[in-house]
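Asks: Starting off with a structure, shown below.
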Amino acid sequence: TIVVDPAKQTAKVQPEMWGVFFEDINMGADGGIYAELIKNRSFEFYKPMMGWKVEGKRIEGDVLVLNRQESKSSNPRYIRVKTGGKQTDLALYNEGFKGIGVKKGLEYDFSVMYRQQQKGLKLHIALVDSTGKVLGQSELIPEKPDGQWQSQHASFKSAETVEKANFKIWFEGEGAIDLDMISLFPGDTWKNRKGGLRGDMVQLLADMKPGFVRFPGGCIVEGHDLSTRYQWKKTIGPVADREVIINRWNTEFAHRPSPDYYQTFGLGFYEYFQLAEDIGATALPILNCGMACQFNTAELVPLDELGPYIQDALDLVEFANGAVSTPWGKVRADMGHPEPFNLKMLGVGNENWGPQYLERLELFTKALKSKYPDILLVNSSGTDPDGERFDLLNTSLRKMKADIIDEHYYRSPDWFLKNANRYDSYDRKGSKVFAGEYAAQSKAIANPGNQNNWECAIAEAAFLTGLERNADVVHMASYAPLFAHAEGWQWTPDMIWVDNLNVYGTPNYYVQKLYSLYKGTDVVSILEDNKFISGQQGIYASAVTDSETGELIIKIINPGKETLSREIQIKGSKKAAATAQLILLQNNNPGAVNTFSNAVNVSPETSPLSVKNNKVNLELKPYSFNLIRVD
Ligand code: AHR
């Protein structure tokens with residue numbers, strides 16, 4: 001018998017408790033949620049024409065790559081197209097990110113920056129399939145012959161749905177024109193924002209009602225070396241002025257590096273804040289602490305040169321929260337958001353460790369806390385949740401009275417089951433925990449066979465009972481990584497998989513979504529034989545009440561292959577409604593996965609459950625996550 005006592009509240013659940021960890025890994029941003037369809041739109045990749053192909057009789061024209069590094073270091077390259085004859089057949093093709101996914105009837109928004117001394121050239125633009133057949137097209141006559149950079153738009157609809165189309169631009173007439181920022185966006189972006197995010201991908205996040213969005217990573221914060229670290233100030237303002245850099249996951253140190261993986265920062269810090277706001281989540285930016293990735297170059301900024309890094313952190317708070325009369329508050333307002341973003345917390349460092357981290361962290365903390373005492377700081381605890389390094393660092397961070405410590409675990413399903421009680425014995429009064437990157441691994445990281453299978457997800461579900469039960473200690477948690485493109489990933493497993501046209505949530509997605517949607521407000525006592533339910537008799541359980549809805553929510557996980565039975569007794573004088581709701585996430589096959597063709601193979605099903613005299617009899621199916629909602 002399981003005994004639940006809704007009157008015995010043991011902890012408050014933080015509104016931020018279940019959130020998402022965003023990183024531009026696996027084509028998460030460029031080629032993913034950032035809906036730009038043109039790869040290398042500003043010719044800034046290592047090879048300027050990566051993603052592009054020039055066709056036609058070159059005798060009739062030319063395409064030159066020009067570099068204005070001295071005058072515009074943030075976007076130095078552009079192309080000059082010259083056509084020699086009236087019947088020129090010069091054309092440029094762009095392959096997109098693993099092709100361009102095109103939808104029938106959808107509008108496509110083309111834009112370009114051009115510069116011309118005189119009128120003469122007409123631009124034709126189209127989406128074409130692999131045979132060259134035009135799916136949709138338009139033309140654009142550059143209007144201004146004033147020798148200045150101008151931008152112009154055109155749009156057209158696609159007549160067909162094609163997963164891997166190409167973009168084509170060709171020219172009519174005689175003359176020369178400079179082109180940059182050749183861009184194409186689908187018309188179904190999130191909230192229909194021009195130059196925005198892929199609506200279907202954001203929707204899956206919004207459906208989770210996440211408590212926070214952590215951004216921009218991950219290792220991407222640290223950079224392979226310091227020159228490629230994430231610098232938020234370079235990711236705001238006009239998109240054409242955001243400096244493109246190589247992606248951290250495009251190096252020999254990445255699992256499955258991809259040579260054409262760059263960060264264009266069309267999704268930059270302003271857009272991250274906006275995304276968090278749109279989906280009702282708290283923004284959690286993570287900043288570089290003056291250390292490059294310790295698995296890569298391990299470069300350090302000397303302590304006496306850390307000033308600009310710390311200033312970036314201080315300025316970020318002003319950018320997010322400052323009045324429009326402050327310099328950085330004005331930048332935010334000029335970008336379209338005069339109201340503050342209400343930043344409450346920020347992270348200093350990702351997976352950094354050792355005395356080098358501690359001494360840098362101390363300087364950041366001093367500066368940030370003296371100017372912004374109310375901003376909570378998230379500190380890193382390295383990468384090894386069981387190791388000596390973790391213990392040493394954790395002890396030091398706790399001595400420093402860290403607000404929140406970010407723990408990461410990429411471990412086997414068995415580790416997750418065995419660690420469901422990890423936080424039962426943590427100090428209740430000291431630093432809080434952010435389980436910032438968790439994911440059970442069926443095989444080694446990035447092994448193609450390392451799948452988002454049900455065995456992993458059910459082990460996570462069991463582990464999460466321990467996070468929920470200890471919500472006084474664990475204030476936040478997120479699965480990682482978040483997104484992966486089926487043809488462009490560096491890391492498996494991942495929470496949400498996409499291709500050019502489709503998106504699906506894994507069983508792991510549904511596990512965290514259920515925790516998030518039914519997080520409640522107060523943790524309440526749930527015991528078996530007077531003990532926490534954490535694997536001793538084959539099951540795991542936690543319970544919360546929701547003060548807004550008046551519900552009691554019980555989560556019971558049976559990760560084993562046998563069916564188990566339990567009676568659940570709801571204690572107290574309050575009478576439970578006669579019918580409860582069971583939300584069941586279950587599959588008899590621990591190897592079960594979701595796929596593009598069977599996206600809901602493992603997904604929740606709802607059914608009624610009868611309650612008699614505050615008692616529920618429940619059959620716990622093999623490999624099942626049972627969520628019970630009682631009024
Ligand atoms: O989630 C993938 C990577 O795992 C993150 O970038 C890093 O923080 C961790 O090592």
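Going through the structure tokens in order, the chains are called A, B, and so on, while each chain numbers its residues from 1 and the ligands are numbered from 1 in the order shown.
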Within 7 Å of ligand 1 (counting only C-alpha atoms and all ligand atoms), which residues show up? I'd like them as a ChimeraX atom specification.
Replies: /A:23,217-220,350-351,383,437,480-481,491
Asks: List every residue of range 295-435 of chain A that DSSP, applied to the backbone of this structure, places in strand (DSSP E or B), and write the result as a list in words.
Replies: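 Residues meeting the strand (DSSP E or B) criterion: Leu300, Met345, Leu346, Gly347, Val348, Leu376, Leu377, Val378, Asn379, Ser380, Ile404, Ile405, Asp406, Glu407, His408, Tyr409, Tyr410, Arg411, Lys432, Val433, Phe434 and Ala435 of chain A.
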Asks: Using only C-alpha atoms, which protein or nucleic acid residues come within 12 Å of Leu314 in chain A? Drop anything in the same chain fewer than 6 positions from it, and give the result as a ChimeraX atom specification.
Replies: /A:232-233,287,307-308,320-322,328,343,346,348,364-373,375
Asks: Generate a file of the selected residues that holds N, CA and C atoms, formatted as an mmCIF file, in the first residue's frame.
Replies:
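New file part-v8.cif:
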```cif
data_model
loop_
_atom_site.group_PDB
_atom_site.id
_atom_site.type_symbol
_atom_site.label_atom_id
_atom_site.label_comp_id
_atom_site.auth_asym_id
_atom_site.auth_seq_id
_atom_site.Cartn_x
_atom_site.Cartn_y
_atom_site.Cartn_z
ATOM 1 N N TRP A 232 27.784 37.524 -26.402
ATOM 2 C CA TRP A 232 26.387 37.918 -26.641
ATOM 3 C C TRP A 232 26.274 39.261 -27.342
ATOM 4 N N LYS A 233 27.211 40.160 -27.105
ATOM 5 C CA LYS A 233 27.085 41.497 -27.703
ATOM 6 C C LYS A 233 27.210 41.444 -29.227
ATOM 7 N N LEU A 287 27.064 32.482 -19.386
ATOM 8 C CA LEU A 287 28.148 33.273 -19.977
ATOM 9 C C LEU A 287 29.502 32.615 -19.773
ATOM 10 N N GLY A 307 38.425 41.710 -16.902
ATOM 11 C CA GLY A 307 37.498 42.851 -16.850
ATOM 12 C C GLY A 307 36.433 42.864 -17.939
ATOM 13 N N PRO A 308 36.805 42.755 -19.220
ATOM 14 C CA PRO A 308 35.779 42.814 -20.277
ATOM 15 C C PRO A 308 34.757 41.675 -20.187
ATOM 16 N N ALA A 320 18.980 43.244 -20.356
ATOM 17 C CA ALA A 320 17.726 42.529 -20.106
ATOM 18 C C ALA A 320 16.750 43.359 -19.276
ATOM 19 N N ASN A 321 17.279 44.041 -18.267
ATOM 20 C CA ASN A 321 16.372 44.646 -17.281
ATOM 21 C C ASN A 321 16.432 46.161 -17.201
ATOM 22 N N GLY A 322 17.457 46.772 -17.804
ATOM 23 C CA GLY A 322 17.681 48.199 -17.587
ATOM 24 C C GLY A 322 16.594 49.069 -18.195
ATOM 25 N N TRP A 328 22.424 50.082 -22.369
ATOM 26 C CA TRP A 328 22.044 48.765 -22.890
ATOM 27 C C TRP A 328 20.539 48.560 -22.904
ATOM 28 N N LEU A 343 15.066 39.488 -16.304
ATOM 29 C CA LEU A 343 16.090 38.476 -16.034
ATOM 30 C C LEU A 343 16.210 38.271 -14.527
ATOM 31 N N LEU A 346 21.406 34.124 -13.959
ATOM 32 C CA LEU A 346 22.334 33.890 -15.075
ATOM 33 C C LEU A 346 23.454 32.973 -14.620
ATOM 34 N N VAL A 348 27.403 31.504 -14.786
ATOM 35 C CA VAL A 348 28.790 31.891 -15.049
ATOM 36 C C VAL A 348 29.581 30.604 -15.250
ATOM 37 N N PHE A 364 33.704 37.305 -10.830
ATOM 38 C CA PHE A 364 32.378 37.552 -11.434
ATOM 39 C C PHE A 364 31.332 37.771 -10.329
ATOM 40 N N THR A 365 31.358 36.867 -9.347
ATOM 41 C CA THR A 365 30.330 36.896 -8.303
ATOM 42 C C THR A 365 30.376 38.221 -7.550
ATOM 43 N N LYS A 366 31.605 38.637 -7.215
ATOM 44 C CA LYS A 366 31.758 39.887 -6.461
ATOM 45 C C LYS A 366 31.149 41.051 -7.252
ATOM 46 N N ALA A 367 31.511 41.135 -8.514
ATOM 47 C CA ALA A 367 31.033 42.268 -9.322
ATOM 48 C C ALA A 367 29.513 42.203 -9.522
ATOM 49 N N LEU A 368 29.020 41.006 -9.837
ATOM 50 C CA LEU A 368 27.582 40.896 -10.126
ATOM 51 C C LEU A 368 26.739 41.096 -8.870
ATOM 52 N N LYS A 369 27.195 40.485 -7.776
ATOM 53 C CA LYS A 369 26.390 40.580 -6.546
ATOM 54 C C LYS A 369 26.406 41.994 -5.986
ATOM 55 N N SER A 370 27.531 42.706 -6.178
ATOM 56 C CA SER A 370 27.519 44.052 -5.595
ATOM 57 C C SER A 370 26.631 44.991 -6.419
ATOM 58 N N LYS A 371 26.507 44.754 -7.716
ATOM 59 C CA LYS A 371 25.631 45.632 -8.501
ATOM 60 C C LYS A 371 24.191 45.102 -8.580
ATOM 61 N N TYR A 372 24.064 43.790 -8.665
ATOM 62 C CA TYR A 372 22.735 43.196 -8.829
ATOM 63 C C TYR A 372 22.542 42.065 -7.816
ATOM 64 N N PRO A 373 22.350 42.426 -6.533
ATOM 65 C CA PRO A 373 22.283 41.379 -5.504
ATOM 66 C C PRO A 373 21.135 40.391 -5.693
ATOM 67 N N ILE A 375 20.040 39.077 -8.550
ATOM 68 C CA ILE A 375 20.184 38.117 -9.654
ATOM 69 C C ILE A 375 20.836 36.844 -9.102
#
```
Asks: How would you write, as a VMD selection string, the set of residues in range 384-442 of chain A that DSSP gives as helix (DSSP H, G or I)?
Replies: chain A and resid 388 to 399 413 to 418
Asks: Just the number, please: distance in Å from CA of Thr579 in chain A to CA of Asn617 in chain A, one decimal.
Replies: 12.1 Å
Asks: Kindly indicate which residue among A:Ala402, A:Ala471, A:Leu358, A:Val524 lies nearest to Ile570 in chain A, using only C-alpha atoms for the distances.
Replies: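 Selected residue with least distance to Ile570 in chain A: A:Val524.
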Asks: Please provide the set of residues having any atom within 9 Å of range 48-56 of chain A, restricted to only C-alpha atoms, with same-chain residues fewer than 5 positions apart removed, written as an mmCIF file with C-alpha atoms, in the first residue's frame.
Replies:
```
data_model
loop_
_atom_site.group_PDB
_atom_site.id
_atom_site.type_symbol
_atom_site.label_atom_id
_atom_site.label_comp_id
_atom_site.auth_asym_id
_atom_site.auth_seq_id
_atom_site.Cartn_x
_atom_site.Cartn_y
_atom_site.Cartn_z
ATOM 1 C CA ILE A 38 19.877 29.639 -47.205
ATOM 2 C CA LYS A 39 23.179 28.222 -46.029
ATOM 3 C CA ASN A 40 26.037 30.722 -45.886
ATOM 4 C CA ARG A 41 23.830 33.633 -46.900
ATOM 5 C CA SER A 42 26.602 36.179 -46.345
ATOM 6 C CA PHE A 43 29.542 34.159 -47.712
ATOM 7 C CA GLY A 61 29.601 36.819 -66.692
ATOM 8 C CA VAL A 63 30.862 35.943 -59.733
ATOM 9 C CA VAL A 65 33.933 37.209 -53.798
ATOM 10 C CA ARG A 77 32.380 39.314 -47.620
ATOM 11 C CA TYR A 78 29.884 39.856 -50.389
ATOM 12 C CA THR A 88 23.293 35.416 -69.757
ATOM 13 C CA ASP A 89 22.542 32.051 -68.192
ATOM 14 C CA LEU A 90 24.596 32.701 -65.076
ATOM 15 C CA ALA A 91 22.863 31.211 -62.059
ATOM 16 C CA LEU A 92 23.652 30.584 -58.412
ATOM 17 C CA TYR A 93 22.248 27.629 -56.544
ATOM 18 C CA ASN A 94 22.078 27.220 -52.783
ATOM 19 C CA GLU A 95 21.738 23.741 -51.304
ATOM 20 C CA GLY A 96 20.221 24.848 -48.004
ATOM 21 C CA PHE A 97 20.929 22.957 -44.814
ATOM 22 C CA ASP A 260 30.023 23.568 -42.804
#
```
Asks: Contacts of Ser442 in chain A at 7 Å or less, counting only C-alpha atoms, minus same-chain residues fewer than 6 places along, as a PyMOL selection string?
Replies: chain A and resi 412+450-451+456
Asks: Write the residues of the selection above to a file with N, CA and C atoms, as an mmCIF file, in the first residue's frame.
Replies:
```cif
data_model
loop_
_atom_site.group_PDB
_atom_site.id
_atom_site.type_symbol
_atom_site.label_atom_id
_atom_site.label_comp_id
_atom_site.auth_asym_id
_atom_site.auth_seq_id
_atom_site.Cartn_x
_atom_site.Cartn_y
_atom_site.Cartn_z
ATOM 1 N N SER A 412 24.210 5.774 -17.679
ATOM 2 C CA SER A 412 23.382 4.642 -18.117
ATOM 3 C C SER A 412 22.009 4.705 -17.438
ATOM 4 N N ASN A 450 23.027 4.903 -30.029
ATOM 5 C CA ASN A 450 22.637 5.479 -28.735
ATOM 6 C C ASN A 450 21.282 6.131 -28.901
ATOM 7 N N GLN A 451 20.245 5.390 -28.532
ATOM 8 C CA GLN A 451 18.902 5.809 -28.937
ATOM 9 C C GLN A 451 18.101 6.428 -27.810
ATOM 10 N N CYS A 456 15.642 4.132 -21.571
ATOM 11 C CA CYS A 456 16.301 5.340 -21.060
ATOM 12 C C CYS A 456 15.277 6.300 -20.459
#
```
Asks: How many Å separate CA of Ala486 in chain A from CA of Arg411 in chain A?
Replies: 22.5 Å
Asks: Take CA of Thr10 in chain A and CA of Leu514 in chain A and report the distance between them in Å, one decimal.
Replies: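 Calculated distance between CA of Thr10 in chain A and CA of Leu514 in chain A is 21.0 Å.
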Asks: Which one of A:Phe110, A:Trp18, A:Tyr409, A:Tyr262 sits closest to Lys168 in chain A if you count only C-alpha atoms?
Replies: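 Ranking A:Phe110, A:Trp18, A:Tyr409, A:Tyr262 by distance to Lys168 in chain A, first place goes to A:Phe110.
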Asks: For Phe212 in chain A, which of A:Gly329, A:Gly132, A:Pro285, A:Gly550 is the closest residue, counting only C-alpha atoms?
Replies: A:Pro285
Asks: Of the candidates A:Glu277, A:Asp188, A:Asp62, A:Asp180, which shows the shortest atom-to-atom distance to Lys103 in chain A, using only C-alpha atoms?
Replies: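 Checking each of A:Glu277, A:Asp188, A:Asp62, A:Asp180 against Lys103 in chain A, counting only C-alpha atoms, the winner is A:Asp188.
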Asks: Just the residues within 7 Å of Ser516 in chain A, please, counting only C-alpha atoms, with nothing from its chain fewer than 3 positions along; format it as a ChimeraX atom specification.
Replies: /A:18,208-210,512-513,519
Asks: Okay, now the selection with N, CA and C atoms, as a PDB file, in the first residue's frame?
Replies:
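selection_17.pdb, written as the output of this step:
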```
ATOM      1  N   TRP A  18      10.931  22.716 -14.293  1.00  0.00           N
ATOM      2  CA  TRP A  18      11.236  21.888 -15.478  1.00  0.00           C
ATOM      3  C   TRP A  18      11.393  22.799 -16.693  1.00  0.00           C
ATOM      4  N   MET A 208       5.351  22.089 -23.842  1.00  0.00           N
ATOM      5  CA  MET A 208       5.889  21.573 -22.569  1.00  0.00           C
ATOM      6  C   MET A 208       5.656  22.548 -21.423  1.00  0.00           C
ATOM      7  N   LYS A 209       5.271  23.782 -21.736  1.00  0.00           N
ATOM      8  CA  LYS A 209       5.173  24.845 -20.722  1.00  0.00           C
ATOM      9  C   LYS A 209       6.437  24.880 -19.858  1.00  0.00           C
ATOM     10  N   PRO A 210       7.584  25.085 -20.487  1.00  0.00           N
ATOM     11  CA  PRO A 210       8.827  25.014 -19.713  1.00  0.00           C
ATOM     12  C   PRO A 210       8.957  26.180 -18.727  1.00  0.00           C
ATOM     13  N   GLN A 512       9.531  14.335 -19.633  1.00  0.00           N
ATOM     14  CA  GLN A 512       9.724  15.644 -18.994  1.00  0.00           C
ATOM     15  C   GLN A 512       8.485  16.529 -19.165  1.00  0.00           C
ATOM     16  N   LYS A 513       7.794  16.357 -20.275  1.00  0.00           N
ATOM     17  CA  LYS A 513       6.587  17.159 -20.494  1.00  0.00           C
ATOM     18  C   LYS A 513       5.534  16.856 -19.411  1.00  0.00           C
ATOM     19  N   LYS A 519       3.472  19.835 -12.667  1.00  0.00           N
ATOM     20  CA  LYS A 519       4.520  20.030 -11.648  1.00  0.00           C
ATOM     21  C   LYS A 519       3.932  20.387 -10.291  1.00  0.00           C
TER      22      LYS A 519
END
```
Asks: Just the residues within 8 Å of Tyr479 in chain A, please, counting only C-alpha atoms, with nothing from its chain fewer than 3 positions along; format it as a PDB file with N, CA and C atoms, in the first residue's frame.
Replies:
```
ATOM      1  N   VAL A  20      13.992  23.925 -20.461  1.00  0.00           N
ATOM      2  CA  VAL A  20      14.710  23.397 -21.624  1.00  0.00           C
ATOM      3  C   VAL A  20      16.108  23.993 -21.735  1.00  0.00           C
ATOM      4  N   PHE A  21      16.990  23.145 -22.241  1.00  0.00           N
ATOM      5  CA  PHE A  21      18.401  23.492 -22.418  1.00  0.00           C
ATOM      6  C   PHE A  21      18.639  23.660 -23.909  1.00  0.00           C
ATOM      7  N   GLY A 436      21.147  20.480 -14.787  1.00  0.00           N
ATOM      8  CA  GLY A 436      21.128  21.251 -16.030  1.00  0.00           C
ATOM      9  C   GLY A 436      21.230  20.438 -17.301  1.00  0.00           C
ATOM     10  N   GLU A 437      21.841  19.271 -17.229  1.00  0.00           N
ATOM     11  CA  GLU A 437      21.932  18.418 -18.413  1.00  0.00           C
ATOM     12  C   GLU A 437      21.813  16.982 -17.942  1.00  0.00           C
ATOM     13  N   TYR A 438      20.633  16.393 -18.139  1.00  0.00           N
ATOM     14  CA  TYR A 438      20.502  14.977 -17.810  1.00  0.00           C
ATOM     15  C   TYR A 438      20.040  14.228 -19.052  1.00  0.00           C
ATOM     16  N   ALA A 439      20.496  13.027 -19.228  1.00  0.00           N
ATOM     17  CA  ALA A 439      20.027  12.171 -20.327  1.00  0.00           C
ATOM     18  C   ALA A 439      20.613  10.784 -20.129  1.00  0.00           C
ATOM     19  N   LEU A 482      18.749  19.388 -26.594  1.00  0.00           N
ATOM     20  CA  LEU A 482      17.324  19.569 -26.861  1.00  0.00           C
ATOM     21  C   LEU A 482      16.933  19.082 -28.263  1.00  0.00           C
ATOM     22  N   MET A 495      16.438  15.269 -27.256  1.00  0.00           N
ATOM     23  CA  MET A 495      15.038  15.241 -26.831  1.00  0.00           C
ATOM     24  C   MET A 495      14.022  15.329 -27.979  1.00  0.00           C
ATOM     25  N   GLN A 512       9.531  14.335 -19.633  1.00  0.00           N
ATOM     26  CA  GLN A 512       9.724  15.644 -18.994  1.00  0.00           C
ATOM     27  C   GLN A 512       8.485  16.529 -19.165  1.00  0.00           C
TER      28      GLN A 512
END
```
Asks: Which residue, A:Leu501, A:Val611, A:Ile583, A:Ala462, has the smallest gap to Ile539 in chain A when you use only C-alpha atoms?
Replies: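 Looking at the shortest contact to Ile539 in chain A, the residue is A:Ala462.
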Asks: Hey, could you make a per-residue contact list for range 255-295 of chain A against range 331-336 of chain A with 12 Å as the cut-off, showing the nearest pair of atoms and its distance in Å to one decimal, counting only C-alpha atoms, sorted by chain and number, as a tab-separated table?
Replies:
```
residue	atom	partner	partner_atom	distance
A:Gly268	CA	A:Met335	CA	11.9
A:Phe269	CA	A:Arg332	CA	10.2
A:Tyr270	CA	A:Arg332	CA	7.5
A:Glu271	CA	A:Met335	CA	10.0
A:Phe273	CA	A:Arg332	CA	10.4
A:Gln274	CA	A:Gly336	CA	10.3
```
